[in-house]
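Source file: target.tsv (TSV, C-alpha atoms and all ligand atoms)
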chain	number	residue	atom	x	y	z
Y	1	MET	CA	-10.53	-10.85	25.88
Y	2	THR	CA	-9.36	-9.20	22.66
Y	3	PHE	CA	-6.61	-6.59	22.88
Y	4	VAL	CA	-6.87	-3.70	20.47
Y	5	THR	CA	-3.42	-2.25	20.04
Y	6	SER	CA	-1.88	0.26	17.67
Y	7	PRO	CA	0.66	-1.43	15.44
Y	8	SER	CA	3.58	0.74	14.31
Y	9	ALA	CA	2.73	0.34	10.59
Y	10	PRO	CA	-0.79	1.09	9.31
Y	11	VAL	CA	-3.04	-1.92	8.78
Y	12	SER	CA	-5.06	-2.01	5.57
Y	13	PRO	CA	-8.73	-3.04	5.65
Y	14	PRO	CA	-9.47	-6.77	5.53
Y	15	ARG	CA	-9.20	-8.09	1.98
Y	16	ARG	CA	-9.85	-11.78	2.57
Y	17	SER	CA	-12.71	-12.08	0.10
Y	18	CYS	CA	-12.66	-9.81	-2.97
Y	19	LEU	CA	-15.81	-10.60	-4.93
Y	20	SER	CA	-15.87	-9.69	-8.61
Y	21	VAL	CA	-19.25	-8.72	-10.02
Y	22	PRO	CA	-19.83	-8.07	-13.72
Y	23	ALA	CA	-21.07	-4.48	-13.86
Y	24	ILE	CA	-23.51	-5.53	-16.57
Y	25	ASN	CA	-25.37	-7.87	-14.19
Y	26	ARG	CA	-27.81	-5.74	-12.21
Y	27	ARG	CA	-29.23	-8.68	-10.27
Y	28	ALA	CA	-25.74	-9.64	-9.07
Y	29	LEU	CA	-24.94	-6.00	-8.26
Y	30	ASP	CA	-28.04	-5.80	-6.05
Y	31	LYS	CA	-27.10	-9.05	-4.33
Y	32	THR	CA	-23.79	-7.65	-3.07
Y	33	HIS	CA	-25.58	-5.77	-0.26
Y	34	GLY	CA	-26.43	-9.02	1.50
Y	35	LEU	CA	-23.04	-10.70	1.08
Y	36	ASP	CA	-20.31	-11.00	3.69
Y	37	CYS	CA	-17.38	-10.33	1.35
Y	38	ASP	CA	-14.74	-7.86	2.48
Y	39	LEU	CA	-14.86	-5.90	-0.73
Y	40	VAL	CA	-16.47	-5.82	-4.14
Y	41	ILE	CA	-14.66	-5.49	-7.47
Y	42	PHE	CA	-17.06	-4.07	-10.04
Y	43	ASP	CA	-15.84	-5.40	-13.35
Y	44	LEU	CA	-16.01	-3.39	-16.56
Y	45	GLU	CA	-13.34	-5.49	-18.28
Y	46	ASP	CA	-13.49	-9.13	-19.34
Y	47	SER	CA	-16.92	-10.03	-17.96
Y	48	VAL	CA	-18.60	-7.28	-20.02
Y	49	SER	CA	-18.87	-7.62	-23.80
Y	50	PRO	CA	-17.72	-4.67	-25.93
Y	51	ASP	CA	-21.26	-3.71	-26.96
Y	52	LYS	CA	-22.38	-3.58	-23.31
Y	53	LYS	CA	-19.63	-1.37	-21.84
Y	54	ALA	CA	-21.76	1.79	-21.84
Y	55	GLU	CA	-24.69	0.01	-20.21
Y	56	ALA	CA	-22.37	-1.46	-17.57
Y	57	ARG	CA	-21.02	2.03	-16.76
Y	58	ASP	CA	-24.60	3.29	-16.40
Y	59	ASN	CA	-25.37	0.41	-14.02
Y	60	LEU	CA	-22.41	1.39	-11.84
Y	61	ARG	CA	-23.38	5.05	-11.88
Y	62	ARG	CA	-26.87	4.13	-10.69
Y	63	PHE	CA	-25.55	1.65	-8.10
Y	64	PHE	CA	-23.06	4.10	-6.55
Y	65	GLN	CA	-25.58	6.95	-6.51
Y	66	GLU	CA	-28.72	5.12	-5.38
Y	67	THR	CA	-27.61	2.08	-3.34
Y	68	PRO	CA	-23.95	2.53	-2.34
Y	69	LEU	CA	-22.25	-0.28	-0.45
Y	70	ALA	CA	-21.65	0.38	3.22
Y	71	ALA	CA	-18.66	-0.54	5.36
Y	72	ARG	CA	-16.56	-2.26	2.72
Y	73	GLU	CA	-14.15	-1.25	0.03
Y	74	THR	CA	-15.30	-0.72	-3.52
Y	75	VAL	CA	-12.98	-1.33	-6.45
Y	76	ILE	CA	-13.74	-0.72	-10.13
Y	77	ARG	CA	-11.82	-2.79	-12.67
Y	78	ILE	CA	-11.53	-0.77	-15.85
Y	79	ASN	CA	-10.52	-1.77	-19.36
Y	80	GLY	CA	-6.92	-2.04	-20.55
Y	81	ALA	CA	-4.61	0.89	-21.28
Y	82	ASP	CA	-4.82	0.36	-25.05
Y	83	SER	CA	-8.58	-0.15	-25.18
Y	84	GLN	CA	-11.08	2.27	-26.70
Y	85	PHE	CA	-13.07	2.09	-23.44
Y	86	ARG	CA	-10.33	3.31	-21.15
Y	87	ARG	CA	-11.00	7.07	-21.28
Y	88	GLN	CA	-14.69	6.77	-20.40
Y	89	ASP	CA	-13.90	4.23	-17.69
Y	90	VAL	CA	-11.44	6.63	-16.07
Y	91	GLU	CA	-14.02	9.43	-16.25
Y	92	LEU	CA	-16.46	7.17	-14.45
Y	93	VAL	CA	-13.89	6.38	-11.75
Y	94	LEU	CA	-13.28	10.11	-11.22
Y	95	GLU	CA	-17.03	10.66	-10.95
Y	96	LEU	CA	-17.83	7.76	-8.59
Y	97	GLU	CA	-14.67	7.86	-6.47
Y	98	PRO	CA	-14.50	4.21	-5.40
Y	99	ASP	CA	-11.79	3.16	-2.94
Y	100	ALA	CA	-9.66	1.89	-5.78
Y	101	VAL	CA	-9.36	1.48	-9.52
Y	102	LEU	CA	-8.06	-1.92	-10.64
Y	103	LEU	CA	-5.94	-1.88	-13.79
Y	104	PRO	CA	-5.88	-5.13	-15.78
Y	105	LYS	CA	-2.80	-6.60	-17.46
Y	106	VAL	CA	-0.34	-4.05	-16.12
Y	107	GLU	CA	3.07	-4.60	-17.71
Y	108	ASP	CA	5.20	-1.63	-16.75
Y	109	PRO	CA	5.53	1.04	-14.06
Y	110	GLY	CA	4.72	3.80	-16.57
Y	111	GLU	CA	1.11	2.70	-16.59
Y	112	ILE	CA	0.77	3.16	-12.85
Y	113	ARG	CA	2.36	6.61	-13.09
Y	114	GLN	CA	-0.03	7.58	-15.88
Y	115	MET	CA	-3.00	6.55	-13.80
Y	116	ALA	CA	-1.67	8.49	-10.80
Y	117	GLU	CA	-1.48	11.55	-13.06
Y	118	ALA	CA	-5.03	11.00	-14.29
Y	119	LEU	CA	-6.15	10.86	-10.65
Y	120	ALA	CA	-4.11	13.90	-9.59
Y	121	ASN	CA	-7.21	15.88	-8.54
Y	122	ALA	CA	-9.03	12.91	-6.99
Y	123	PRO	CA	-9.06	12.37	-3.22
Y	124	GLU	CA	-5.94	10.69	-1.84
Y	125	SER	CA	-8.12	7.85	-0.61
Y	126	LEU	CA	-8.68	6.71	-4.21
Y	127	ARG	CA	-5.98	4.07	-4.65
Y	128	VAL	CA	-4.66	2.14	-7.63
Y	129	TRP	CA	-4.59	-1.64	-7.77
Y	130	ALA	CA	-2.77	-3.56	-10.49
Y	131	MET	CA	-3.42	-7.00	-11.97
Y	132	MET	CA	-0.33	-9.09	-12.58
Y	133	GLU	CA	-1.47	-11.45	-15.30
Y	134	THR	CA	0.95	-11.34	-18.21
Y	135	PRO	CA	4.51	-12.64	-18.50
Y	136	LEU	CA	5.88	-9.08	-18.78
Y	137	GLY	CA	3.79	-7.95	-15.81
Y	138	VAL	CA	5.25	-10.70	-13.63
Y	139	LEU	CA	8.79	-10.02	-14.84
Y	140	ASN	CA	8.35	-6.31	-14.05
Y	141	ALA	CA	6.46	-6.82	-10.78
Y	142	ALA	CA	9.24	-5.32	-8.64
Y	143	ALA	CA	9.46	-2.13	-10.72
Y	144	ILE	CA	5.68	-1.83	-10.82
Y	145	ALA	CA	5.40	-2.30	-7.04
Y	146	ALA	CA	8.18	0.26	-6.47
Y	147	THR	CA	5.95	3.06	-7.82
Y	148	ALA	CA	4.12	2.86	-4.47
Y	149	ARG	CA	7.11	4.64	-2.88
Y	150	GLU	CA	7.15	7.55	-5.34
Y	151	ALA	CA	5.73	10.96	-4.54
Y	152	GLY	CA	2.05	10.88	-5.46
Y	153	GLY	CA	2.24	7.08	-5.74
Y	154	ARG	CA	-1.21	5.59	-5.31
Y	155	LEU	CA	-0.48	1.91	-5.76
Y	156	ASP	CA	-1.92	-0.11	-2.88
Y	157	CYS	CA	-2.41	-3.71	-3.95
Y	158	LEU	CA	-1.41	-6.30	-6.57
Y	159	VAL	CA	-3.83	-8.97	-7.79
Y	160	ILE	CA	-2.74	-12.13	-9.60
Y	161	GLY	CA	-4.74	-13.12	-12.70
Y	162	LEU	CA	-3.98	-16.73	-13.53
Y	163	ASN	CA	-6.51	-17.14	-16.31
Y	164	ASP	CA	-4.67	-14.63	-18.44
Y	165	LEU	CA	-1.26	-15.81	-17.26
Y	166	ARG	CA	-2.08	-19.41	-18.17
Y	167	LYS	CA	-3.37	-18.28	-21.55
Y	168	ALA	CA	-0.18	-16.35	-22.24
Y	169	THR	CA	2.22	-19.04	-21.03
Y	170	GLY	CA	0.46	-22.26	-21.97
Y	171	VAL	CA	0.60	-23.62	-18.41
Y	172	PRO	CA	-2.58	-25.72	-17.97
Y	173	PRO	CA	-4.78	-25.43	-14.86
Y	174	LYS	CA	-3.74	-28.09	-12.32
Y	175	PRO	CA	-4.49	-28.51	-8.60
Y	176	GLY	CA	-1.50	-27.22	-6.65
Y	177	ARG	CA	-0.56	-24.75	-9.41
Y	178	VAL	CA	2.93	-26.19	-9.27
Y	179	TYR	CA	4.43	-24.45	-12.31
Y	180	LEU	CA	2.73	-21.15	-11.50
Y	181	VAL	CA	3.87	-20.94	-7.88
Y	182	PRO	CA	7.34	-19.48	-8.67
Y	183	TRP	CA	5.78	-16.61	-10.63
Y	184	MET	CA	3.15	-16.04	-7.97
Y	185	MET	CA	5.80	-15.90	-5.23
Y	186	GLN	CA	7.70	-13.35	-7.29
Y	187	VAL	CA	4.62	-11.12	-7.19
Y	188	VAL	CA	4.14	-11.69	-3.45
Y	189	LEU	CA	7.76	-10.72	-2.81
Y	190	ALA	CA	7.51	-7.60	-5.02
Y	191	ALA	CA	4.37	-6.50	-3.17
Y	192	ARG	CA	5.90	-7.03	0.27
Y	193	ALA	CA	9.12	-5.25	-0.69
Y	194	HIS	CA	7.09	-2.10	-1.18
Y	195	GLY	CA	4.47	-2.46	1.54
Y	196	LEU	CA	1.61	-3.54	-0.73
Y	197	ASP	CA	-1.20	-6.00	-0.18
Y	198	VAL	CA	-1.41	-8.91	-2.60
Y	199	ILE	CA	-4.45	-10.94	-3.63
Y	200	ASP	CA	-4.55	-14.48	-5.02
Y	201	SER	CA	-6.24	-15.31	-8.32
Y	202	VAL	CA	-9.82	-16.49	-8.96
Y	203	PHE	CA	-10.79	-20.18	-8.79
Y	204	ASN	CA	-13.08	-20.80	-11.76
Y	205	ASP	CA	-14.84	-24.03	-10.73
Y	206	PHE	CA	-17.16	-22.43	-8.18
Y	207	ARG	CA	-19.03	-25.69	-7.47
Y	208	ASP	CA	-15.82	-27.46	-6.36
Y	209	ALA	CA	-15.90	-26.50	-2.67
Y	210	ASP	CA	-13.06	-28.84	-1.62
Y	211	GLY	CA	-10.78	-27.67	-4.43
Y	212	PHE	CA	-11.49	-24.08	-3.48
Y	213	VAL	CA	-10.68	-24.62	0.20
Y	214	ALA	CA	-7.41	-26.34	-0.77
Y	215	GLU	CA	-6.46	-23.45	-3.04
Y	216	CYS	CA	-7.31	-20.89	-0.33
Y	217	ALA	CA	-5.09	-22.77	2.13
Y	218	GLN	CA	-2.28	-22.73	-0.41
Y	219	GLY	CA	-2.76	-19.02	-1.10
Y	220	ARG	CA	-2.72	-18.26	2.62
Y	221	ALA	CA	0.46	-20.29	3.06
Y	222	MET	CA	2.07	-18.36	0.18
Y	223	GLY	CA	1.43	-15.10	2.00
Y	224	PHE	CA	-1.54	-13.68	0.11
Y	225	ASP	CA	-3.92	-11.35	1.99
Y	226	GLY	CA	-7.01	-12.74	0.33
Y	227	LYS	CA	-8.50	-14.14	-2.84
Y	228	MET	CA	-10.34	-12.70	-5.78
Y	229	LEU	CA	-13.70	-14.48	-6.02
Y	230	ILE	CA	-16.25	-14.99	-8.76
Y	231	HIS	CA	-19.23	-16.41	-6.86
Y	232	PRO	CA	-20.96	-15.81	-3.51
Y	233	ALA	CA	-20.49	-19.50	-2.64
Y	234	GLN	CA	-16.76	-18.80	-2.25
Y	235	ILE	CA	-17.01	-16.01	0.33
Y	236	GLU	CA	-17.27	-17.96	3.56
Y	237	ALA	CA	-14.33	-20.26	2.85
Y	238	ALA	CA	-12.14	-17.32	1.79
Y	239	ASN	CA	-13.01	-15.38	4.95
Y	240	GLU	CA	-12.14	-18.38	7.06
Y	241	SER	CA	-8.90	-19.26	5.27
Y	242	PHE	CA	-7.48	-15.74	5.11
Y	243	GLY	CA	-8.86	-14.56	8.46
Y	244	PRO	CA	-6.97	-14.96	11.73
Y	245	ALA	CA	-7.41	-18.50	13.10
Y	246	PRO	CA	-8.57	-18.84	16.75
Y	247	GLU	CA	-5.16	-20.29	17.76
Y	248	ALA	CA	-3.35	-17.40	16.09
Y	249	ILE	CA	-5.58	-14.92	17.94
Y	250	ALA	CA	-4.94	-16.65	21.28
Y	251	GLU	CA	-1.20	-16.64	20.62
Y	252	ALA	CA	-1.21	-12.97	19.61
Y	253	GLU	CA	-3.06	-12.06	22.78
Y	254	ALA	CA	-0.56	-14.04	24.86
Y	255	ILE	CA	2.37	-12.23	23.23
Y	256	VAL	CA	0.83	-8.78	23.75
Y	257	ALA	CA	0.02	-9.66	27.37
Y	258	ALA	CA	3.56	-10.94	27.98
Y	259	PHE	CA	5.16	-7.75	26.69
Y	260	ARG	CA	2.82	-5.70	28.88
Y	261	GLN	CA	4.28	-7.20	32.06
Y	262	PRO	CA	6.44	-4.69	33.99
Y	263	ASN	CA	9.42	-7.08	33.97
Y	264	THR	CA	9.50	-7.23	30.14
Y	265	ALA	CA	9.38	-3.47	29.51
Y	266	ASP	CA	13.07	-3.21	28.63
Y	267	LEU	CA	13.49	-6.69	27.13
Y	268	ASN	CA	13.72	-7.38	23.41
Y	269	VAL	CA	13.44	-11.12	23.74
Y	270	ILE	CA	11.44	-13.23	26.22
Y	271	ASN	CA	10.64	-16.83	27.00
Y	272	LEU	CA	6.94	-17.48	26.38
Y	273	ASN	CA	6.08	-21.02	27.45
Y	274	GLY	CA	9.37	-22.41	26.18
Y	275	ARG	CA	9.47	-20.43	22.95
Y	276	MET	CA	11.64	-17.46	22.04
Y	277	VAL	CA	9.50	-14.39	21.35
Y	278	GLU	CA	11.02	-11.15	20.10
Y	279	ARG	CA	9.59	-7.68	19.59
Y	280	LEU	CA	9.12	-8.45	15.88
Y	281	HIS	CA	6.61	-11.09	17.00
Y	282	LEU	CA	4.92	-8.45	19.13
Y	283	GLU	CA	4.55	-6.27	16.01
Y	284	GLU	CA	3.05	-9.21	14.12
Y	285	ALA	CA	0.69	-9.93	17.01
Y	286	GLU	CA	-0.43	-6.30	17.17
Y	287	ARG	CA	-1.10	-6.26	13.45
Y	288	LEU	CA	-3.12	-9.45	13.64
Y	289	LEU	CA	-5.26	-8.06	16.48
Y	290	ALA	CA	-5.74	-4.74	14.70
Y	291	ARG	CA	-6.87	-6.63	11.57
Y	292	LEU	CA	-9.26	-8.71	13.70
Y	293	HIS	CA	-10.69	-5.54	15.17
Y	294	LEU	CA	-11.32	-4.17	11.64
Y	295	ILE	CA	-13.06	-7.41	10.64
Y	296	GLU	CA	-15.27	-7.30	13.71
Y	297	SER	CA	-16.13	-3.64	13.33
Y	298	ARG	CA	-17.15	-4.22	9.68
Y	299	LYS	CA	-19.62	-6.85	10.88
Y	300	THR	CA	-21.27	-4.43	13.29
Y	301	SER	CA	-21.41	-1.49	10.89
Y	302	ALA	CA	-22.52	-3.40	7.73
Y	401	LIG	C1	-19.83	-17.58	-13.04
Y	401	LIG	C2	-21.19	-16.93	-13.07
Y	401	LIG	C3	-21.54	-16.51	-14.50
Y	401	LIG	C4	-22.25	-17.92	-12.58
Y	401	LIG	O1	-23.46	-17.22	-12.46
Y	401	LIG	P1	-24.86	-17.95	-12.27
Y	401	LIG	O2	-25.07	-18.93	-13.39
Y	401	LIG	O3	-25.91	-16.89	-12.09
Y	401	LIG	O4	-24.61	-18.77	-10.93
Y	401	LIG	P2	-25.62	-19.22	-9.85
Y	401	LIG	O5	-26.92	-19.59	-10.47
Y	401	LIG	O6	-24.95	-20.27	-9.05
Y	401	LIG	O7	-25.81	-17.92	-8.94
Y	401	LIG	C5	-26.55	-18.00	-7.74
Y	401	LIG	C6	-26.94	-16.62	-7.32
Y	401	LIG	O8	-25.77	-15.86	-7.02
Y	401	LIG	C7	-25.73	-14.68	-7.83
Y	401	LIG	N1	-24.34	-14.45	-8.23
Y	401	LIG	C8	-23.57	-15.23	-8.97
Y	401	LIG	N2	-22.36	-14.71	-9.11
Y	401	LIG	C9	-22.38	-13.55	-8.42
Y	401	LIG	C10	-21.41	-12.56	-8.18
Y	401	LIG	N3	-20.18	-12.65	-8.71
Y	401	LIG	N4	-21.75	-11.53	-7.42
Y	401	LIG	C11	-23.00	-11.41	-6.88
Y	401	LIG	N5	-23.96	-12.33	-7.06
Y	401	LIG	C12	-23.65	-13.37	-7.84
Y	401	LIG	C13	-26.59	-15.00	-9.03
Y	401	LIG	O9	-27.07	-13.79	-9.57
Y	401	LIG	C14	-27.68	-15.84	-8.41
Y	401	LIG	O10	-28.58	-14.99	-7.74
Y	401	LIG	P3	-30.14	-15.32	-7.70
Y	401	LIG	O11	-30.58	-15.34	-9.12
Y	401	LIG	O12	-30.75	-14.22	-6.91
Y	401	LIG	O13	-30.26	-16.67	-7.05
Y	401	LIG	C15	-21.22	-15.71	-12.11
Y	401	LIG	O14	-20.98	-16.19	-10.83
Y	401	LIG	C16	-20.35	-14.57	-12.47
Y	401	LIG	O15	-20.63	-13.82	-13.39
Y	401	LIG	N6	-19.25	-14.40	-11.71
Y	401	LIG	C17	-18.34	-13.27	-11.81
Y	401	LIG	C18	-17.60	-13.24	-13.12
Y	401	LIG	C19	-16.58	-12.13	-13.13
Y	401	LIG	O16	-16.70	-11.17	-12.39
Y	401	LIG	N7	-15.56	-12.26	-13.96
Y	401	LIG	C20	-14.45	-11.31	-13.93
Y	401	LIG	C21	-13.49	-11.70	-12.85
Y	401	LIG	S1	-12.57	-13.13	-13.26
Y	401	LIG	C22	-11.00	-12.53	-13.47
Y	401	LIG	O17	-10.73	-11.45	-13.10
Y	401	LIG	C23	-9.98	-13.38	-14.09
Y	401	LIG	C24	-8.64	-12.67	-14.18
Y	401	LIG	O18	-8.70	-11.53	-14.96
Y	401	LIG	C25	-7.65	-13.64	-14.72
Y	401	LIG	O19	-7.09	-13.40	-15.78
Y	401	LIG	O20	-7.44	-14.66	-14.06
Y	402	MG	MG	-7.51	-11.38	-16.55
Can you present the structure in this file as structure tokens?
Ligand SMILES: CC(C)(COP(=O)(O)OP(=O)(O)OC[C@H]1O[C@@H](n2cnc3c(N)ncnc32)[C@H](O)[C@@H]1OP(=O)(O)O)[C@@H](O)C(=O)NCCC(=O)NCCSC(=O)C[C@H](O)C(=O)O
Ligand SMILES: [Mg+2]
Amino acid sequence: MTFVTSPSAPVSPPRRSCLSVPAINRRALDKTHGLDCDLVIFDLEDSVSPDKKAEARDNLRRFFQETPLAARETVIRINGADSQFRRQDVELVLELEPDAVLLPKVEDPGEIRQMAEALANAPESLRVWAMMETPLGVLNAAAIAATAREAGGRLDCLVIGLNDLRKATGVPPKPGRVYLVPWMMQVVLAARAHGLDVIDSVFNDFRDADGFVAECAQGRAMGFDGKMLIHPAQIEAANESFGPAPEAIAEAEAIVAAFRQPNTADLNVINLNGRMVERLHLEEAERLLARLHLIESRKTSA
């Protein structure tokens, strides 16, 4: 039996598998309807060449108007703050009202504030996501994340971009990402300090299933909520790695059940099968079950 409880803090939608789709690729856009990813990132930035930006925007306009995605979040990644494409990208975001706009290569909190101003008349549900993919962005991650607490702050999620970070730092791609982990953890910590979700970077070699599973396991262990993906073949493994494991669900249900017993009503700490369990574990358990409920309800309404 699955308990559905109301955790004290709000639970964001599942973001285990965040599939990026080049907005220029109409065949790939159409394919998203049949895919089991938690959300789609429609990319207007690096996967679209400069001479195709207008066509890519038209594709998105048509997609959102004629065949909108159901029951999952939509995110549009726009071009950089200093690019000639930015203004028209922002206009498109205001017109299509996705769930979020993803800003690439964010380096300072001012950029998040500027975007919040540009969205001032948009619905509150339109959130801002920021890619952390430059040395300055990582160094300023805490200040960038802190804008989430400001009045009118729309920041909701940070996304690591290791391709750009490797390019800027000269750290080569290596299994285990050993030299990148400290910077990634800095971003995880900044996100958590301000109540944000945080998404792990893409894995480029989409035919290397074992390497991908290993990197998902590492990302999960580092505390990420999910992974940015580039290919449909990566969805299932990401959903499994970042979703609640059967043992974790069973444990969460046991904790909720234990704290529902009349004799635990005024206890802050209990003995559950030889293990100390506190109310903070109850909060974690409630959040896990609420997230599970959201995952299951997406399946039935997709
Ligand atoms: C990498 C790809 C160019 C490979 O595409 P393709 O050669 O078409 O692969 P397949 O033949 O294996 O594709 C099989 C079918 O799957 C569809 N497909 C492929 N990718 C996607 C996708 N992302 N979404 C939806 N559908 C997809 C193909 O159309 C095939 O369908 P069918 O013909 O019907 O069989 C390609 O996968 C791709 O373009 N991926 C996304 C690239 C992208 O979005 N890049 C931007 C994000 S990366 C990033 O953000 C890095 C970050 O900034 C950083 O700095 O780290
Ligand atoms: Mg990038």
- Item | Nearby polymer residues, ligand MG 402 (chain Y), at most 8 Å, all atoms listed in the file, as a list in words |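 The residues near ligand MG 402 (chain Y) are Asp46, Pro104, Lys105, Met131, Glu133, Gly161, Leu162, Asn163, Asp164 and Leu165 of chain Y.
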- Task: Residues within 9 Å of ligand LIG 401 (chain Y), counting all atoms listed in the file: report them as a ChimeraX atom specification.
- Result: /Y:19-23,25-32,35,40-48,77,104-105,131-134,159-167,201-207,228-233
- Item | Expected answer as a ChimeraX atom specification: all residues with atoms within 12 Å of (5.1, -12.7, 21.1), only C-alpha atoms | /Y:248-260,264,267-288
Keeping only C-alpha atoms, take the residues you just selected and write them out as a PDB file, in the frame of the given file.
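Saved file result.pdb follows:
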ATOM      1  CA  ALA Y 248      -3.350 -17.400  16.090  1.00  0.00           C
ATOM      2  CA  ILE Y 249      -5.580 -14.920  17.940  1.00  0.00           C
ATOM      3  CA  ALA Y 250      -4.940 -16.650  21.280  1.00  0.00           C
ATOM      4  CA  GLU Y 251      -1.200 -16.640  20.620  1.00  0.00           C
ATOM      5  CA  ALA Y 252      -1.210 -12.970  19.610  1.00  0.00           C
ATOM      6  CA  GLU Y 253      -3.060 -12.060  22.780  1.00  0.00           C
ATOM      7  CA  ALA Y 254      -0.560 -14.040  24.860  1.00  0.00           C
ATOM      8  CA  ILE Y 255       2.370 -12.230  23.230  1.00  0.00           C
ATOM      9  CA  VAL Y 256       0.830  -8.780  23.750  1.00  0.00           C
ATOM     10  CA  ALA Y 257       0.020  -9.660  27.370  1.00  0.00           C
ATOM     11  CA  ALA Y 258       3.560 -10.940  27.980  1.00  0.00           C
ATOM     12  CA  PHE Y 259       5.160  -7.750  26.690  1.00  0.00           C
ATOM     13  CA  ARG Y 260       2.820  -5.700  28.880  1.00  0.00           C
ATOM     14  CA  THR Y 264       9.500  -7.230  30.140  1.00  0.00           C
ATOM     15  CA  LEU Y 267      13.490  -6.690  27.130  1.00  0.00           C
ATOM     16  CA  ASN Y 268      13.720  -7.380  23.410  1.00  0.00           C
ATOM     17  CA  VAL Y 269      13.440 -11.120  23.740  1.00  0.00           C
ATOM     18  CA  ILE Y 270      11.440 -13.230  26.220  1.00  0.00           C
ATOM     19  CA  ASN Y 271      10.640 -16.830  27.000  1.00  0.00           C
ATOM     20  CA  LEU Y 272       6.940 -17.480  26.380  1.00  0.00           C
ATOM     21  CA  ASN Y 273       6.080 -21.020  27.450  1.00  0.00           C
ATOM     22  CA  GLY Y 274       9.370 -22.410  26.180  1.00  0.00           C
ATOM     23  CA  ARG Y 275       9.470 -20.430  22.950  1.00  0.00           C
ATOM     24  CA  MET Y 276      11.640 -17.460  22.040  1.00  0.00           C
ATOM     25  CA  VAL Y 277       9.500 -14.390  21.350  1.00  0.00           C
ATOM     26  CA  GLU Y 278      11.020 -11.150  20.100  1.00  0.00           C
ATOM     27  CA  ARG Y 279       9.590  -7.680  19.590  1.00  0.00           C
ATOM     28  CA  LEU Y 280       9.120  -8.450  15.880  1.00  0.00           C
ATOM     29  CA  HIS Y 281       6.610 -11.090  17.000  1.00  0.00           C
ATOM     30  CA  LEU Y 282       4.920  -8.450  19.130  1.00  0.00           C
ATOM     31  CA  GLU Y 283       4.550  -6.270  16.010  1.00  0.00           C
ATOM     32  CA  GLU Y 284       3.050  -9.210  14.120  1.00  0.00           C
ATOM     33  CA  ALA Y 285       0.690  -9.930  17.010  1.00  0.00           C
ATOM     34  CA  GLU Y 286      -0.430  -6.300  17.170  1.00  0.00           C
ATOM     35  CA  ARG Y 287      -1.100  -6.260  13.450  1.00  0.00           C
ATOM     36  CA  LEU Y 288      -3.120  -9.450  13.640  1.00  0.00           C
TER      37      LEU Y 288
END
- Point (0.0, -26.6, -4.2), cut-off 12 Å, counting only C-alpha atoms, residues as a PyMOL selection string: chain Y and resi 173-182+184+211-222
- How many Å lie between CA of Arg61 in chain Y and CA of Asp99 in chain Y, rounded to one decimal?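 Separation between CA of Arg61 in chain Y and CA of Asp99 in chain Y: 14.8 Å.
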- Query: In Å to one decimal, how far is CA of Leu139 in chain Y from CA of Gly243 in chain Y?
  - Reply: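 Answer for the CA of Gly243 in chain Y to CA of Leu139 in chain Y separation: 29.6 Å.
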- Message: When you look at Glu117 in chain Y with a cut-off of 12 Å (counting only C-alpha atoms), what residues show up, excluding the ones that are within fewer than 2 positions of it in the same chain? I need them as a list in words.
- Response: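 Close residues of Glu117 in chain Y: Val90, Gly110, Glu111, Ile112, Arg113, Gln114, Met115, Leu119, Ala120, Asn121, Ala122, Val128, Ala151, Gly152, Gly153 and Arg154 of chain Y.
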Would you put the residues from that selection into a file with C-alpha atoms, as a CSV table (one decimal), in the coordinates of the input?
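For reference, part-v1.csv as written:
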chain,number,residue,atom,x,y,z
Y,90,VAL,CA,-11.4,6.6,-16.1
Y,110,GLY,CA,4.7,3.8,-16.6
Y,111,GLU,CA,1.1,2.7,-16.6
Y,112,ILE,CA,0.8,3.2,-12.8
Y,113,ARG,CA,2.4,6.6,-13.1
Y,114,GLN,CA,0.0,7.6,-15.9
Y,115,MET,CA,-3.0,6.6,-13.8
Y,119,LEU,CA,-6.2,10.9,-10.6
Y,120,ALA,CA,-4.1,13.9,-9.6
Y,121,ASN,CA,-7.2,15.9,-8.5
Y,122,ALA,CA,-9.0,12.9,-7.0
Y,128,VAL,CA,-4.7,2.1,-7.6
Y,151,ALA,CA,5.7,11.0,-4.5
Y,152,GLY,CA,2.0,10.9,-5.5
Y,153,GLY,CA,2.2,7.1,-5.7
Y,154,ARG,CA,-1.2,5.6,-5.3
- Give the answer as one residue: which of Y:Ala143, Y:Leu102, Y:Ala245, Y:Ile235 has the shortest atom-to-atom distance to Asn79 in chain Y, using all atoms listed in the file?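 Smallest distance to Asn79 in chain Y is found for Y:Leu102.
The smallest atom-to-atom distance between Ala238 in chain Y and any of Y:Leu155, Y:Ala209, Y:Ala290, Y:Leu136, using all atoms listed in the file, is found for Y:Ala209.
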- Query: Using only C-alpha atoms, which residue out of Y:Pro262, Y:Gly226, Y:Gly80, Y:Pro68 lies closest to Val101 in chain Y?
  - Reply: Y:Gly80
- Message: Report, in Å with one decimal, the straight-line distance from CA of Ala193 in chain Y to CA of Thr147 in chain Y.
- Response: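 Calculated distance between CA of Ala193 in chain Y and CA of Thr147 in chain Y is 11.4 Å.
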